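File shown: work.pdb. Contents: PDB, C-alpha atoms.
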ATOM      1  CA  MET A   1     -19.471  -1.141   8.473
ATOM      2  CA  LYS A   2     -17.778  -0.972   5.087
ATOM      3  CA  ASN A   3     -15.978  -3.793   3.333
ATOM      4  CA  ASP A   4     -15.771  -2.446  -0.193
ATOM      5  CA  THR A   5     -13.807  -4.963  -2.263
ATOM      6  CA  ALA A   6     -14.741  -3.198  -5.502
ATOM      7  CA  TYR A   7     -13.294   0.073  -4.191
ATOM      8  CA  ILE A   8     -10.030  -1.561  -3.106
ATOM      9  CA  ARG A   9      -9.770  -3.411  -6.422
ATOM     10  CA  GLU A  10     -10.289  -0.116  -8.249
ATOM     11  CA  LEU A  11      -7.534   1.586  -6.281
ATOM     12  CA  ALA A  12      -5.194  -1.369  -6.760
ATOM     13  CA  GLY A  13      -5.752  -1.189 -10.498
ATOM     14  CA  LEU A  14      -4.852   2.479 -10.907
ATOM     15  CA  ALA A  15      -1.108   1.855 -11.146
ATOM     16  CA  PRO A  16       1.147  -1.196 -11.082
ATOM     17  CA  ILE A  17       3.129   0.040  -8.081
ATOM     18  CA  ILE A  18       2.044   1.644  -4.811
ATOM     19  CA  PRO A  19       4.973   3.609  -3.368
ATOM     20  CA  VAL A  20       5.679   2.884   0.295
ATOM     21  CA  LEU A  21       6.641   6.149   1.991
ATOM     22  CA  VAL A  22       8.478   7.056   5.189
ATOM     23  CA  VAL A  23       8.247  10.815   5.735
ATOM     24  CA  ASP A  24       9.818  12.572   8.729
ATOM     25  CA  ASP A  25       8.898  16.163   7.896
ATOM     26  CA  VAL A  26       5.369  17.333   7.062
ATOM     27  CA  ALA A  27       6.927  20.050   4.864
ATOM     28  CA  HIS A  28       7.878  17.277   2.432
ATOM     29  CA  ALA A  29       4.350  15.883   2.177
ATOM     30  CA  ILE A  30       2.885  18.013  -0.600
ATOM     31  CA  PRO A  31       5.914  18.209  -2.933
ATOM     32  CA  LEU A  32       6.421  14.455  -2.524
ATOM     33  CA  ALA A  33       2.804  13.654  -3.342
ATOM     34  CA  GLU A  34       2.857  16.029  -6.303
ATOM     35  CA  ALA A  35       5.996  14.390  -7.708
ATOM     36  CA  LEU A  36       4.501  10.917  -7.408
ATOM     37  CA  VAL A  37       1.210  11.955  -9.002
ATOM     38  CA  ARG A  38       3.021  13.655 -11.884
ATOM     39  CA  GLY A  39       4.936  10.429 -12.354
ATOM     40  CA  GLY A  40       1.716   8.442 -12.659
ATOM     41  CA  LEU A  41       1.365   6.938  -9.184
ATOM     42  CA  PRO A  42      -1.831   8.322  -7.598
ATOM     43  CA  VAL A  43      -2.212   5.822  -4.741
ATOM     44  CA  LEU A  44       0.238   6.341  -1.891
ATOM     45  CA  GLU A  45       1.051   4.239   1.144
ATOM     46  CA  VAL A  46       2.102   6.505   4.005
ATOM     47  CA  THR A  47       3.638   4.468   6.794
ATOM     48  CA  LEU A  48       3.143   5.350  10.443
ATOM     49  CA  ARG A  49       6.802   4.961  11.287
ATOM     50  CA  THR A  50       7.397   8.639  12.030
ATOM     51  CA  LYS A  51       5.895  11.179  14.391
ATOM     52  CA  ALA A  52       4.892  13.313  11.410
ATOM     53  CA  ALA A  53       3.057  10.526   9.559
ATOM     54  CA  LEU A  54      -0.519  11.486  10.444
ATOM     55  CA  GLU A  55       0.128  15.144   9.593
ATOM     56  CA  VAL A  56       1.708  14.001   6.341
ATOM     57  CA  ILE A  57      -1.441  12.080   5.396
ATOM     58  CA  THR A  58      -3.619  15.103   6.175
ATOM     59  CA  ALA A  59      -1.402  17.398   4.099
ATOM     60  CA  MET A  60      -1.311  15.016   1.148
ATOM     61  CA  THR A  61      -5.103  14.847   0.925
ATOM     62  CA  SER A  62      -5.058  18.426  -0.402
ATOM     63  CA  VAL A  63      -3.053  17.472  -3.489
ATOM     64  CA  GLU A  64      -5.148  17.297  -6.631
ATOM     65  CA  GLY A  65      -5.149  13.976  -8.384
ATOM     66  CA  GLN A  66      -4.808  11.900  -5.233
ATOM     67  CA  ILE A  67      -7.053   8.846  -5.110
ATOM     68  CA  GLY A  68      -6.183   7.104  -1.889
ATOM     69  CA  PHE A  69      -3.905   7.413   1.089
ATOM     70  CA  GLN A  70      -3.317   4.689   3.570
ATOM     71  CA  PRO A  71      -1.357   4.423   6.764
ATOM     72  CA  PHE A  72       0.559   1.200   6.909
ATOM     73  CA  THR A  73       3.617  -0.117   8.570
ATOM     74  CA  ASP A  74       4.668  -3.375  10.116
ATOM     75  CA  ALA A  75       5.046  -1.486  13.398
ATOM     76  CA  ASP A  76       1.810   0.521  13.313
ATOM     77  CA  LEU A  77      -1.906   0.251  12.488
ATOM     78  CA  VAL A  78      -1.973  -2.592  14.960
ATOM     79  CA  THR A  79      -4.456  -1.171  17.466
ATOM     80  CA  ALA A  80      -7.951   0.267  17.335
ATOM     81  CA  GLN A  81      -6.426   3.618  18.303
ATOM     82  CA  ASP A  82      -4.211   3.515  15.217
ATOM     83  CA  VAL A  83      -7.266   2.975  13.038
ATOM     84  CA  THR A  84      -9.147   5.868  14.633
ATOM     85  CA  ALA A  85      -6.151   8.164  14.172
ATOM     86  CA  ALA A  86      -5.710   7.137  10.537
ATOM     87  CA  VAL A  87      -9.351   7.895   9.726
ATOM     88  CA  ALA A  88      -9.148  11.254  11.509
ATOM     89  CA  ALA A  89      -6.040  12.118   9.509
ATOM     90  CA  GLY A  90      -7.927  11.642   6.246
ATOM     91  CA  SER A  91      -6.951   8.147   5.134
ATOM     92  CA  THR A  92      -9.349   6.815   2.542
ATOM     93  CA  PHE A  93      -8.326   3.206   2.995
ATOM     94  CA  GLY A  94      -6.072   1.194   5.236
ATOM     95  CA  VAL A  95      -3.455  -1.528   5.041
ATOM     96  CA  THR A  96      -2.417  -3.954   7.750
ATOM     97  CA  PRO A  97       0.713  -6.117   7.963
ATOM     98  CA  GLY A  98      -1.340  -8.935   9.497
ATOM     99  CA  SER A  99      -4.988  -9.548  10.206
ATOM    100  CA  PRO A 100      -5.866 -10.311  13.832
ATOM    101  CA  THR A 101      -9.622 -10.311  14.354
ATOM    102  CA  PHE A 102      -9.660  -7.255  16.610
ATOM    103  CA  LEU A 103      -7.825  -5.143  14.020
ATOM    104  CA  ILE A 104     -10.101  -6.185  11.158
ATOM    105  CA  ASP A 105     -13.117  -5.465  13.356
ATOM    106  CA  ALA A 106     -11.768  -2.008  14.207
ATOM    107  CA  CYS A 107     -11.310  -1.137  10.525
ATOM    108  CA  LEU A 108     -14.777  -2.385   9.612
ATOM    109  CA  GLU A 109     -16.407  -0.543  12.507
ATOM    110  CA  ALA A 110     -14.599   2.657  11.491
ATOM    111  CA  GLY A 111     -15.846   2.279   7.915
ATOM    112  CA  LEU A 112     -12.281   2.176   6.608
ATOM    113  CA  PRO A 113     -11.931   0.207   3.334
ATOM    114  CA  LEU A 114      -9.110  -2.225   3.875
ATOM    115  CA  LEU A 115      -6.283  -4.092   2.182
ATOM    116  CA  PRO A 116      -5.588  -6.631   4.939
ATOM    117  CA  GLY A 117      -2.316  -8.467   5.257
ATOM    118  CA  ALA A 118      -1.898 -12.218   4.763
ATOM    119  CA  ALA A 119       1.102 -14.484   4.286
ATOM    120  CA  THR A 120      -0.445 -17.978   4.378
ATOM    121  CA  ALA A 121      -3.333 -19.886   2.833
ATOM    122  CA  THR A 122      -5.094 -20.055   6.198
ATOM    123  CA  GLU A 123      -4.908 -16.284   6.643
ATOM    124  CA  ALA A 124      -6.097 -15.691   3.090
ATOM    125  CA  MET A 125      -9.017 -18.114   3.457
ATOM    126  CA  THR A 126     -10.034 -16.585   6.792
ATOM    127  CA  LEU A 127     -10.117 -13.119   5.234
ATOM    128  CA  GLN A 128     -12.002 -14.374   2.189
ATOM    129  CA  ALA A 129     -14.654 -15.816   4.509
ATOM    130  CA  ARG A 130     -15.109 -12.306   5.886
ATOM    131  CA  GLY A 131     -15.580 -10.869   2.406
ATOM    132  CA  PHE A 132     -12.060  -9.691   1.560
ATOM    133  CA  GLU A 133     -10.845 -10.673  -1.891
ATOM    134  CA  VAL A 134      -7.908  -8.285  -2.403
ATOM    135  CA  LEU A 135      -5.130  -8.841   0.137
ATOM    136  CA  LYS A 136      -1.688  -7.553   0.922
ATOM    137  CA  PHE A 137       0.881 -10.355   0.655
ATOM    138  CA  PHE A 138       3.445  -9.445   3.299
ATOM    139  CA  PRO A 139       6.345  -9.858   3.723
ATOM    140  CA  ALA A 140       6.444 -10.951   0.105
ATOM    141  CA  GLU A 141      10.015 -12.176  -0.277
ATOM    142  CA  GLY A 142      10.190 -13.436   3.298
ATOM    143  CA  ALA A 143       6.981 -15.447   2.847
ATOM    144  CA  GLY A 144       8.179 -17.273  -0.261
ATOM    145  CA  GLY A 145       7.672 -14.610  -2.894
ATOM    146  CA  ILE A 146       6.582 -15.572  -6.381
ATOM    147  CA  LYS A 147       6.594 -19.321  -5.677
ATOM    148  CA  THR A 148       4.169 -18.927  -2.787
ATOM    149  CA  LEU A 149       1.846 -16.674  -4.770
ATOM    150  CA  LYS A 150       1.816 -19.171  -7.630
ATOM    151  CA  GLY A 151       0.942 -21.907  -5.138
ATOM    152  CA  LEU A 152      -1.882 -19.874  -3.610
ATOM    153  CA  GLY A 153      -3.335 -19.089  -7.024
ATOM    154  CA  GLY A 154      -4.440 -22.670  -7.694
ATOM    155  CA  PRO A 155      -6.714 -23.377  -4.714
ATOM    156  CA  LEU A 156      -7.658 -19.720  -4.148
ATOM    157  CA  PRO A 157      -8.549 -18.330  -7.593
ATOM    158  CA  GLY A 158     -10.916 -15.731  -6.162
ATOM    159  CA  ILE A 159      -8.228 -13.886  -4.205
ATOM    160  CA  SER A 160      -5.919 -11.198  -5.597
ATOM    161  CA  PHE A 161      -2.774  -9.912  -3.931
ATOM    162  CA  CYS A 162      -0.605  -6.825  -3.596
ATOM    163  CA  PRO A 163       2.836  -8.190  -2.662
ATOM    164  CA  THR A 164       4.970  -5.858  -0.556
ATOM    165  CA  GLY A 165       8.248  -6.404   1.228
ATOM    166  CA  GLY A 166      11.280  -7.116  -0.901
ATOM    167  CA  VAL A 167       9.725  -6.056  -4.199
ATOM    168  CA  THR A 168      12.380  -4.285  -6.263
ATOM    169  CA  PRO A 169      12.829  -2.896  -9.784
ATOM    170  CA  GLU A 170      14.560  -6.185 -10.611
ATOM    171  CA  ASN A 171      11.720  -8.523  -9.585
ATOM    172  CA  ALA A 172       8.634  -6.294  -9.858
ATOM    173  CA  LEU A 173       7.768  -7.450 -13.381
ATOM    174  CA  ASP A 174       7.903 -11.096 -12.311
ATOM    175  CA  TYR A 175       5.415 -10.379  -9.536
ATOM    176  CA  LEU A 176       3.144  -8.333 -11.775
ATOM    177  CA  ALA A 177       3.087 -11.120 -14.371
ATOM    178  CA  LEU A 178       1.243 -13.406 -11.956
ATOM    179  CA  PRO A 179      -2.512 -13.612 -12.658
ATOM    180  CA  ASN A 180      -3.395 -13.214  -8.973
ATOM    181  CA  VAL A 181      -1.324 -10.038  -8.495
ATOM    182  CA  VAL A 182      -3.125  -6.716  -9.079
ATOM    183  CA  CYS A 183      -0.282  -4.402  -8.039
ATOM    184  CA  ALA A 184       2.789  -4.360  -5.815
ATOM    185  CA  GLY A 185       4.160  -2.106  -3.118
ATOM    186  CA  GLY A 186       7.671  -0.699  -3.377
ATOM    187  CA  SER A 187       9.889   1.567  -1.318
ATOM    188  CA  TRP A 188      12.522   2.189  -4.013
ATOM    189  CA  ILE A 189      10.526   4.932  -5.724
ATOM    190  CA  ALA A 190      10.838   7.479  -2.932
ATOM    191  CA  PRO A 191      13.424   6.289  -0.404
ATOM    192  CA  SER A 192      13.930   8.415   2.687
ATOM    193  CA  SER A 193      17.295   9.664   1.420
ATOM    194  CA  LEU A 194      15.714  11.261  -1.657
ATOM    195  CA  VAL A 195      12.759  12.620   0.314
ATOM    196  CA  LYS A 196      14.979  14.253   2.925
ATOM    197  CA  ALA A 197      17.119  15.771   0.146
ATOM    198  CA  GLY A 198      14.065  17.114  -1.680
ATOM    199  CA  LYS A 199      14.964  15.309  -4.897
ATOM    200  CA  TRP A 200      11.446  15.671  -6.330
ATOM    201  CA  ASN A 201      12.504  15.463  -9.986
ATOM    202  CA  GLU A 202      14.338  12.204  -9.375
ATOM    203  CA  ILE A 203      11.378  10.804  -7.455
ATOM    204  CA  GLU A 204       9.054  11.823 -10.276
ATOM    205  CA  GLU A 205      11.271  10.036 -12.801
ATOM    206  CA  ARG A 206      11.333   6.897 -10.665
ATOM    207  CA  ALA A 207       7.556   7.061 -10.406
ATOM    208  CA  ARG A 208       7.286   7.435 -14.169
ATOM    209  CA  HIS A 209       9.325   4.274 -14.718
ATOM    210  CA  ALA A 210       7.301   2.369 -12.122
ATOM    211  CA  SER A 211       3.972   3.483 -13.589
ATOM    212  CA  ALA A 212       5.050   2.114 -16.976
ATOM    213  CA  LEU A 213       5.652  -1.419 -15.701
ATOM    214  CA  SER A 214       3.413  -3.982 -17.411
ATOM    215  CA  ARG A 215       0.849  -6.013 -15.493
TER     216      ARG A 215
END

Represent the supplied structure as structure tokens.
Amino acid sequence: MKNDTAYIRELAGLAPIIPVLVVDDVAHAIPLAEALVRGGLPVLEVTLRTKAALEVITAMTSVEGQIGFQPFTDADLVTAQDVTAAVAAGSTFGVTPGSPTFLIDACLEAGLPLLPGAATATEAMTLQARGFEVLKFFPAEGAGGIKTLKGLGGPLPGISFCPTGGVTPENALDYLALPNVVCAGGSWIAPSSLVKAGKWNEIEERARHASALSR
């Protein structure tokens, strides 16, 4: 069993933004990862929303400079089988949209370091009791956004968050300015339209701007 908060905190601190990726073609995996790494974003969130996702994760692990890859989507990594497949594909840590006991248990039993999802104080406190201190706040905007995170910061000073879901270039700095936010997840850096078109230079430039955001 592995619940390595220090490892997750280290990964979360490598860059202010974790790009959320939806990749349909494994041929795009390596050039996409290389563009993001060149732009200063070494930690990538590969969603399991496509049939190619697990192959994409495996391919990306060969790119030099990569620190962590995680399968995450609000439609996947919801069963023990998803966890097993993610580990086999080469994921070095995982993310969940929510945190039912069976899913947390599956990740711990698989030895998969985890950024578990929480949207309420009760969920955050339950995860903290199990040793998790860095959580994914999802869906960020839908769950009250910055106001909710500010409210959670008072009674739960020992918990840090990575808000994802509705984070944009326009509000990212406001999220990152919060003392209990270590990073944020964003899909604007490498949207599917740019990935499918192979616009690697544009993606790299977007990554460069995101990596320069202040925390």

| request: For each of A:Val134, A:Leu77, A:Val182, A:Leu173, take the minimum atom-to-atom distance to A:Ile159, counting all atoms listed in the file, then give the residue where this is smallest. | output: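 Ranking A:Val134, A:Leu77, A:Val182, A:Leu173 by distance to A:Ile159, first place goes to A:Val134.
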
Can I get the residues of stretch 16-98 of chain A within 7 Å of stretch 189-200 of chain A, each with the closest pair of atoms and their distance in Å to one decimal, using all atoms listed in the file, sorted chain first then ascending number, as CSV?
residue,atom,partner,partner_atom,distance
A:Pro19,CA,A:Ile189,CA,6.2
A:Leu21,CA,A:Ala190,CA,6.6
A:Val22,CA,A:Ser192,CA,6.2
A:Val23,CA,A:Ser192,CA,6.9
A:Pro31,CA,A:Trp200,CA,7.0
A:Leu32,CA,A:Trp200,CA,6.4
A:Ala35,CA,A:Trp200,CA,5.8

Report as a VMD selection string the full result of the PyMOL selection byres ((chain A and resi 147-151) around 12) when it is applied to this structure.
-> chain A and resid 118 to 121 124 135 to 146 152 to 157 159 to 163 174 to 182

Q.
Evaluate the PyMOL selection byres ((chain A and resi 55-59) around 7) against this structure - the residues, as an MDAnalysis selection string, please.
A. chainID A and resid 26 29:30 46 52:54 60:62 69 89:91

- Message: Taking the file as I've supplied it (selection: the PyMOL selection byres ((chain A and resi 41) around 8)), which residues are included? Please answer as a ChimeraX atom specification.
- Response: /A:14-15,17-19,36-40,42-44,207-208,211

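Rounded to one decimal, atom CA of A:Asp105 and atom CA of A:Gly186 lie 27.1 Å from each other.
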
*Distance criterion (all atoms listed in the file): nearest to A:Gly111 out of A:Leu48, A:Arg130, A:Gly65, A:Asp4*: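 The closest residue to A:Gly111 is A:Asp4.
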
Worksheet item: Closest to A:Phe93 among A:Ala106, A:Leu11, A:Met125, A:Ala210, using only C-alpha atoms?
Response: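 So, comparing all the options, the nearest one is A:Leu11.
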